[in-house]
Structures are given as C-alpha cells and as structure tokens.
>>> print(open('structure10.cif').read())   # mmCIF, C-alpha atoms
data_model
#
loop_
_atom_site.group_PDB
_atom_site.id
_atom_site.type_symbol
_atom_site.label_atom_id
_atom_site.label_comp_id
_atom_site.auth_asym_id
_atom_site.auth_seq_id
_atom_site.Cartn_x
_atom_site.Cartn_y
_atom_site.Cartn_z
ATOM 1 C CA MET A 1 -1.873 -13.326 -20.964
ATOM 2 C CA ILE A 2 -3.570 -12.865 -17.608
ATOM 3 C CA SER A 3 -7.139 -13.831 -16.750
ATOM 4 C CA LEU A 4 -9.271 -14.196 -13.640
ATOM 5 C CA ARG A 5 -11.301 -17.261 -12.724
ATOM 6 C CA PRO A 6 -13.791 -17.361 -9.856
ATOM 7 C CA CYS A 7 -12.777 -19.737 -7.097
ATOM 8 C CA GLU A 8 -15.080 -22.495 -6.006
ATOM 9 C CA ASN A 9 -15.997 -23.091 -2.399
ATOM 10 C CA THR A 10 -14.099 -26.383 -2.314
ATOM 11 C CA GLU A 11 -11.217 -27.765 -0.302
ATOM 12 C CA ARG A 12 -9.121 -27.965 -3.473
ATOM 13 C CA ASP A 13 -9.407 -24.234 -4.217
ATOM 14 C CA ALA A 14 -9.039 -23.338 -0.551
ATOM 15 C CA TRP A 15 -5.887 -25.442 -0.305
ATOM 16 C CA GLN A 16 -4.226 -23.539 -3.155
ATOM 17 C CA ALA A 17 -4.980 -20.182 -1.502
ATOM 18 C CA PHE A 18 -3.833 -21.588 1.859
ATOM 19 C CA GLU A 19 -0.449 -22.670 0.476
ATOM 20 C CA TRP A 20 0.232 -19.194 -0.919
ATOM 21 C CA ARG A 21 -1.012 -17.531 2.300
ATOM 22 C CA ASN A 22 1.562 -19.501 4.284
ATOM 23 C CA ASP A 23 4.471 -18.748 1.946
ATOM 24 C CA PRO A 24 7.173 -17.147 4.171
ATOM 25 C CA ASP A 25 7.205 -13.845 2.236
ATOM 26 C CA THR A 26 3.424 -13.626 2.371
ATOM 27 C CA VAL A 27 3.378 -14.393 6.088
ATOM 28 C CA ALA A 28 5.990 -11.695 6.745
ATOM 29 C CA SER A 29 3.918 -9.052 4.961
ATOM 30 C CA ALA A 30 0.446 -10.155 6.064
ATOM 31 C CA TYR A 31 -1.840 -8.083 8.250
ATOM 32 C CA TYR A 32 -1.317 -10.774 10.909
ATOM 33 C CA PRO A 33 2.245 -11.923 10.187
ATOM 34 C CA GLU A 34 1.784 -15.491 11.386
ATOM 35 C CA PRO A 35 1.135 -18.694 9.430
ATOM 36 C CA LYS A 36 -2.467 -19.878 9.457
ATOM 37 C CA THR A 37 -3.585 -23.379 10.321
ATOM 38 C CA TRP A 38 -5.525 -25.318 7.727
ATOM 39 C CA ASP A 39 -8.603 -25.728 9.935
ATOM 40 C CA SER A 40 -8.956 -22.019 10.734
ATOM 41 C CA PHE A 41 -8.144 -20.954 7.162
ATOM 42 C CA TYR A 42 -10.614 -23.392 5.591
ATOM 43 C CA MET A 43 -13.375 -22.347 7.963
ATOM 44 C CA GLU A 44 -12.762 -18.670 7.105
ATOM 45 C CA TYR A 45 -12.559 -19.457 3.383
ATOM 46 C CA ALA A 46 -15.736 -21.545 3.316
ATOM 47 C CA GLU A 47 -17.809 -19.301 5.579
ATOM 48 C CA CYS A 48 -16.622 -15.774 4.712
ATOM 49 C CA TYR A 49 -14.914 -15.535 1.334
ATOM 50 C CA PHE A 50 -18.116 -16.116 -0.667
ATOM 51 C CA ASP A 51 -20.410 -13.679 1.172
ATOM 52 C CA ASP A 52 -20.793 -11.345 -1.812
ATOM 53 C CA PRO A 53 -21.971 -13.195 -4.934
ATOM 54 C CA TYR A 54 -20.841 -10.255 -7.113
ATOM 55 C CA PHE A 55 -17.275 -10.473 -5.812
ATOM 56 C CA PRO A 56 -16.291 -14.083 -5.102
ATOM 57 C CA PRO A 57 -12.590 -14.773 -4.642
ATOM 58 C CA GLN A 58 -10.697 -15.342 -7.858
ATOM 59 C CA PHE A 59 -7.589 -17.060 -9.086
ATOM 60 C CA VAL A 60 -5.205 -15.136 -11.283
ATOM 61 C CA ILE A 61 -4.322 -17.304 -14.282
ATOM 62 C CA CYS A 62 -1.089 -16.784 -16.239
ATOM 63 C CA LYS A 63 -0.138 -19.076 -19.105
ATOM 64 C CA ARG A 64 -2.799 -21.570 -17.996
ATOM 65 C CA GLN A 65 -1.303 -21.814 -14.515
ATOM 66 C CA TYR A 66 -2.605 -20.571 -11.193
ATOM 67 C CA ALA A 67 -0.541 -17.467 -10.531
ATOM 68 C CA GLY A 68 -2.339 -15.764 -7.656
ATOM 69 C CA PHE A 69 -5.389 -15.351 -5.489
ATOM 70 C CA VAL A 70 -7.664 -12.327 -5.038
ATOM 71 C CA ARG A 71 -10.123 -11.794 -2.244
ATOM 72 C CA TYR A 72 -12.683 -8.998 -1.985
ATOM 73 C CA ASP A 73 -14.607 -7.399 0.866
ATOM 74 C CA ALA A 74 -17.178 -4.652 0.965
ATOM 75 C CA ALA A 75 -15.562 -1.559 2.436
ATOM 76 C CA GLN A 76 -16.484 1.907 3.602
ATOM 77 C CA MET A 77 -14.515 5.097 3.454
ATOM 78 C CA PRO A 78 -15.617 8.194 5.403
ATOM 79 C CA GLU A 79 -14.779 10.389 2.397
ATOM 80 C CA TYR A 80 -17.351 8.507 0.280
ATOM 81 C CA PRO A 81 -20.141 7.513 2.682
ATOM 82 C CA ASP A 82 -22.740 6.658 0.042
ATOM 83 C CA GLN A 83 -20.505 5.002 -2.528
ATOM 84 C CA LYS A 84 -19.838 1.338 -3.261
ATOM 85 C CA ILE A 85 -16.227 0.613 -2.274
ATOM 86 C CA VAL A 86 -14.576 -2.804 -2.558
ATOM 87 C CA GLU A 87 -11.414 -3.811 -0.731
ATOM 88 C CA VAL A 88 -8.947 -5.852 -2.791
ATOM 89 C CA MET A 89 -6.515 -8.335 -1.241
ATOM 90 C CA ILE A 90 -4.133 -9.983 -3.690
ATOM 91 C CA ASN A 91 -1.492 -12.667 -3.245
ATOM 92 C CA ILE A 92 0.705 -13.573 -6.194
ATOM 93 C CA ALA A 93 2.251 -17.057 -6.196
ATOM 94 C CA PRO A 94 5.973 -16.958 -5.319
ATOM 95 C CA GLU A 95 7.075 -18.251 -8.719
ATOM 96 C CA PHE A 96 5.151 -15.449 -10.506
ATOM 97 C CA ARG A 97 6.263 -12.498 -8.379
ATOM 98 C CA GLY A 98 8.246 -9.717 -10.008
ATOM 99 C CA ARG A 99 6.869 -10.430 -13.498
ATOM 100 C CA GLY A 100 4.068 -7.850 -13.657
ATOM 101 C CA VAL A 101 1.356 -10.431 -13.005
ATOM 102 C CA GLY A 102 -0.085 -8.467 -10.076
ATOM 103 C CA THR A 103 -0.229 -5.219 -12.047
ATOM 104 C CA ARG A 104 -1.995 -6.878 -14.974
ATOM 105 C CA ALA A 105 -4.384 -8.665 -12.598
ATOM 106 C CA LEU A 106 -5.275 -5.360 -10.948
ATOM 107 C CA ALA A 107 -6.030 -3.905 -14.398
ATOM 108 C CA LEU A 108 -8.561 -6.701 -14.953
ATOM 109 C CA ILE A 109 -9.976 -6.242 -11.457
ATOM 110 C CA LYS A 110 -10.501 -2.527 -12.149
ATOM 111 C CA GLN A 111 -12.346 -3.356 -15.399
ATOM 112 C CA GLU A 112 -14.621 -5.885 -13.685
ATOM 113 C CA ALA A 113 -15.360 -3.513 -10.805
ATOM 114 C CA ALA A 114 -16.240 -0.673 -13.195
ATOM 115 C CA GLN A 115 -18.648 -2.987 -15.031
ATOM 116 C CA LYS A 116 -20.319 -3.748 -11.684
ATOM 117 C CA ASN A 117 -20.788 -0.020 -10.933
ATOM 118 C CA VAL A 118 -18.256 0.089 -8.126
ATOM 119 C CA PHE A 119 -17.200 3.630 -7.223
ATOM 120 C CA GLY A 120 -13.710 2.724 -6.045
ATOM 121 C CA LEU A 121 -11.273 0.041 -4.959
ATOM 122 C CA MET A 122 -9.165 0.225 -1.850
ATOM 123 C CA ALA A 123 -6.401 -1.762 -0.224
ATOM 124 C CA ASP A 124 -5.136 -1.744 3.349
ATOM 125 C CA ILE A 125 -1.433 -2.600 3.321
ATOM 126 C CA ARG A 126 1.046 -3.003 6.159
ATOM 127 C CA LYS A 127 3.513 -0.130 6.000
ATOM 128 C CA GLU A 128 6.401 -2.615 5.908
ATOM 129 C CA ASN A 129 4.992 -4.408 2.846
ATOM 130 C CA ALA A 130 7.019 -2.574 0.201
ATOM 131 C CA ALA A 131 6.158 -5.027 -2.590
ATOM 132 C CA SER A 132 2.402 -4.522 -2.191
ATOM 133 C CA ILE A 133 2.791 -0.770 -1.909
ATOM 134 C CA ARG A 134 4.746 -0.736 -5.200
ATOM 135 C CA LEU A 135 2.167 -3.009 -6.853
ATOM 136 C CA PHE A 136 -0.821 -0.847 -5.961
ATOM 137 C CA GLU A 137 0.998 2.410 -6.800
ATOM 138 C CA LYS A 138 2.020 0.995 -10.181
ATOM 139 C CA ALA A 139 -1.637 0.090 -10.782
ATOM 140 C CA GLY A 140 -2.669 3.714 -10.186
ATOM 141 C CA PHE A 141 -3.855 3.520 -6.580
ATOM 142 C CA VAL A 142 -3.085 6.599 -4.482
ATOM 143 C CA PHE A 143 -2.219 6.879 -0.812
ATOM 144 C CA SER A 144 -5.329 8.005 1.072
ATOM 145 C CA GLY A 145 -4.570 7.537 4.752
ATOM 146 C CA GLU A 146 -2.649 5.784 7.482
ATOM 147 C CA ARG A 147 -3.616 4.274 10.804
ATOM 148 C CA THR A 148 -2.170 2.223 13.608
ATOM 149 C CA GLU A 149 -3.995 -0.823 14.895
ATOM 150 C CA TYR A 150 -3.121 -2.757 18.006
ATOM 151 C CA LEU A 151 -3.049 -6.489 17.271
ATOM 152 C CA GLN A 152 -4.132 -8.003 20.554
ATOM 153 C CA ARG A 153 -3.144 -11.543 19.671
ATOM 154 C CA LEU A 154 0.407 -10.420 18.820
ATOM 155 C CA GLN A 155 0.527 -7.672 21.423
ATOM 156 C CA LYS A 156 2.010 -5.140 19.038
ATOM 157 C CA ASN A 157 1.035 -2.269 16.799
ATOM 158 C CA CYS A 158 0.507 -2.643 13.076
ATOM 159 C CA HIS A 159 0.879 0.400 10.801
ATOM 160 C CA ILE A 160 -1.565 0.327 7.904
ATOM 161 C CA LEU A 161 -1.530 2.389 4.721
ATOM 162 C CA ARG A 162 -4.739 2.789 2.764
ATOM 163 C CA CYS A 163 -4.554 3.048 -1.012
ATOM 164 C CA PHE A 164 -7.517 4.017 -3.180
ATOM 165 C CA TYR A 165 -8.443 3.885 -6.836
ATOM 166 C CA ALA A 166 -11.498 5.806 -8.068
ATOM 167 C CA LEU A 167 -13.171 4.125 -11.027
#
>>> encode(input="structure10.cif", output="structure tokens")
Amino acid sequence: MISLRPCENTERDAWQAFEWRNDPDTVASAYYPEPKTWDSFYMEYAECYFDDPYFPPQFVICKRQYAGFVRYDAAQMPEYPDQKIVEVMINIAPEFRGRGVGTRALALIKQEAAQKNVFGLMADIRKENAASIRLFEKAGFVFSGERTEYLQRLQKNCHILRCFYAL
C-alpha cells in the first residue's frame, strides 16, 4: 500500500530528501546533473519548498517506510493560460525503484490534485531521463512539448520534455 505524508520544514525531513537527491542515478538524471551541497539544498528546502500551503512537499510511504519524495510548484502553460497547473517532481528512493511505487504515488497525487480543483499536472523531464519518462507515461501523462535550455553554470544545453495530465 502506498500513501503520501506531508513533509515538515525540519532538518530531519530535508536530510532524507537531500540523500535521495544526491543518489548517483538521481544526480545523473536531474535537471542540473550535479550533486547538491547540504547548505544550499537545506536553504532551498526551507525557503522555497513550502511556498504553497495547498501543495507542500510529501513523502511517499510504502509498507511504513519512506519510499520517495514529491515536490510541487505552481506552473503555467501557454495552452491553458487561465487554468491552475501544478508541476510535479518525484524522486523514488533507490531501494524502491522498479516496483511500481512511482506509478501508484502519481495516482494518489492525481486524486489529491483533482480534489483541490487543479486543472492539470505537468512534469519537465530531461530527455535523457528514460526512467522518469516511462513513469509519467505509465501514469497517463502525455508528451506536450520540448525545449532546449542553456545551463550557464554547466555551460551546456539541456533538452527538456514536458509531459501533461489533464484532470
């Protein structure tokens, strides 16, 4: 059984998310494919992750164990200028990957978002991140665009796919 539990704005909860963010597979597929430092991650977590009280970050719980982390951001899509869109970022713990935990978590996320009158969910995924692309497709998200962003800090281009799910 999968459930979602809101994270708290504490070092303990931030540390769990930080450890998964710096997992080598997560780093390789991240928007910025570099490990984060604790200080910069904790500052971002504490100051930015809890901006929207309706969509605080959540832990994915599987068999009473932390199995993943979900972060949300308000988003806009030109196709739906007056609609409430929420971006979903999900990171499944290494020991739970490949077991359907992400797909079941996204099903719960879709239910919660529908109850909060969200029009749609979207995800921006690096084109090279095959696991995330499969996860979101399996959860019913559809490809809705592609863009290239120049990552100044890394001095290279990043190819981003946008996936969308209308509720």
>>> resolve_selection(input="structure10.cif", expression="the PyMOL selection byres ((chain A and resi 147) around 8)", output="ChimeraX atom specification")
/A:145-146,148-149,159-161
>>> resolve_selection(input="structure10.cif", expression="the PyMOL selection byres ((chain A and resi 38-45) around 9)", output="list of chain:residue names")
A:Asn9, A:Glu11, A:Ala14, A:Trp15, A:Phe18, A:Lys36, A:Thr37, A:Ala46, A:Glu47, A:Cys48, A:Tyr49, A:Phe50
>>> resolve_selection(input="structure10.cif", expression="the PyMOL selection byres ((chain A and resi 162) around 12)", output="PyMOL selection string")
chain A and resi 75-77+87-89+121-127+132-133+136-137+141-148+159-161+163-165
>>> closest_residue(input="structure10.cif", among="A:Cys158, A:Ala67, A:Val60, A:Val27", to="Ile109 of chain A", atoms="only C-alpha atoms")
A:Val60
>>> closest_residue(input="structure10.cif", among="A:Tyr32, A:Ala113, A:Asp51, A:Pro24", to="Gln155 of chain A", atoms="all atoms listed in the file")
A:Tyr32
>>> axis_aligned_box(input="structure10.cif", around="segment 63-69 of chain A", padding_each_side="5 Å", output="AutoDock Vina command-line options")
--center_x -2.8 --center_y -18.6 --center_z -12.3 --size_x 15.3 --size_y 16.5 --size_z 23.6
>>> closest_residue(input="structure10.cif", among="A:Ala17, A:Ile85, A:Ala28, A:Ala105", to="Pro57 of chain A", atoms="only C-alpha atoms")
A:Ala17
>>> residues_near_point(input="structure10.cif", point="(-7.0, -22.1, -14.8)", cutoff="12 Å", atoms="all atoms listed in the file", output="ChimeraX atom specification")
/A:1-8,13,58-69
>>> write_last_selection(input="structure10.cif", atoms="C-alpha atoms", output="compact mmCIF listing (two decimals), in the coordinates of the input")
# COMPACT_ATOMS: atom_id res chain seq x y z
CA MET A 1 -1.87 -13.33 -20.96
CA ILE A 2 -3.57 -12.86 -17.61
CA SER A 3 -7.14 -13.83 -16.75
CA LEU A 4 -9.27 -14.20 -13.64
CA ARG A 5 -11.30 -17.26 -12.72
CA PRO A 6 -13.79 -17.36 -9.86
CA CYS A 7 -12.78 -19.74 -7.10
CA GLU A 8 -15.08 -22.50 -6.01
CA ASP A 13 -9.41 -24.23 -4.22
CA GLN A 58 -10.70 -15.34 -7.86
CA PHE A 59 -7.59 -17.06 -9.09
CA VAL A 60 -5.20 -15.14 -11.28
CA ILE A 61 -4.32 -17.30 -14.28
CA CYS A 62 -1.09 -16.78 -16.24
CA LYS A 63 -0.14 -19.08 -19.10
CA ARG A 64 -2.80 -21.57 -18.00
CA GLN A 65 -1.30 -21.81 -14.52
CA TYR A 66 -2.60 -20.57 -11.19
CA ALA A 67 -0.54 -17.47 -10.53
CA GLY A 68 -2.34 -15.76 -7.66
CA PHE A 69 -5.39 -15.35 -5.49
>>> atom_distance(input="structure10.cif", atom1="atom CA of Phe119 of chain A", atom2="atom CA of Gly140 of chain A")
14.8 Å
>>> atom_distance(input="structure10.cif", atom1="atom CA of Thr10 of chain A", atom2="atom CA of Glu95 of chain A")
23.6 Å
>>> atom_distance(input="structure10.cif", atom1="atom CA of Thr26 of chain A", atom2="atom CA of Glu128 of chain A")
11.9 Å
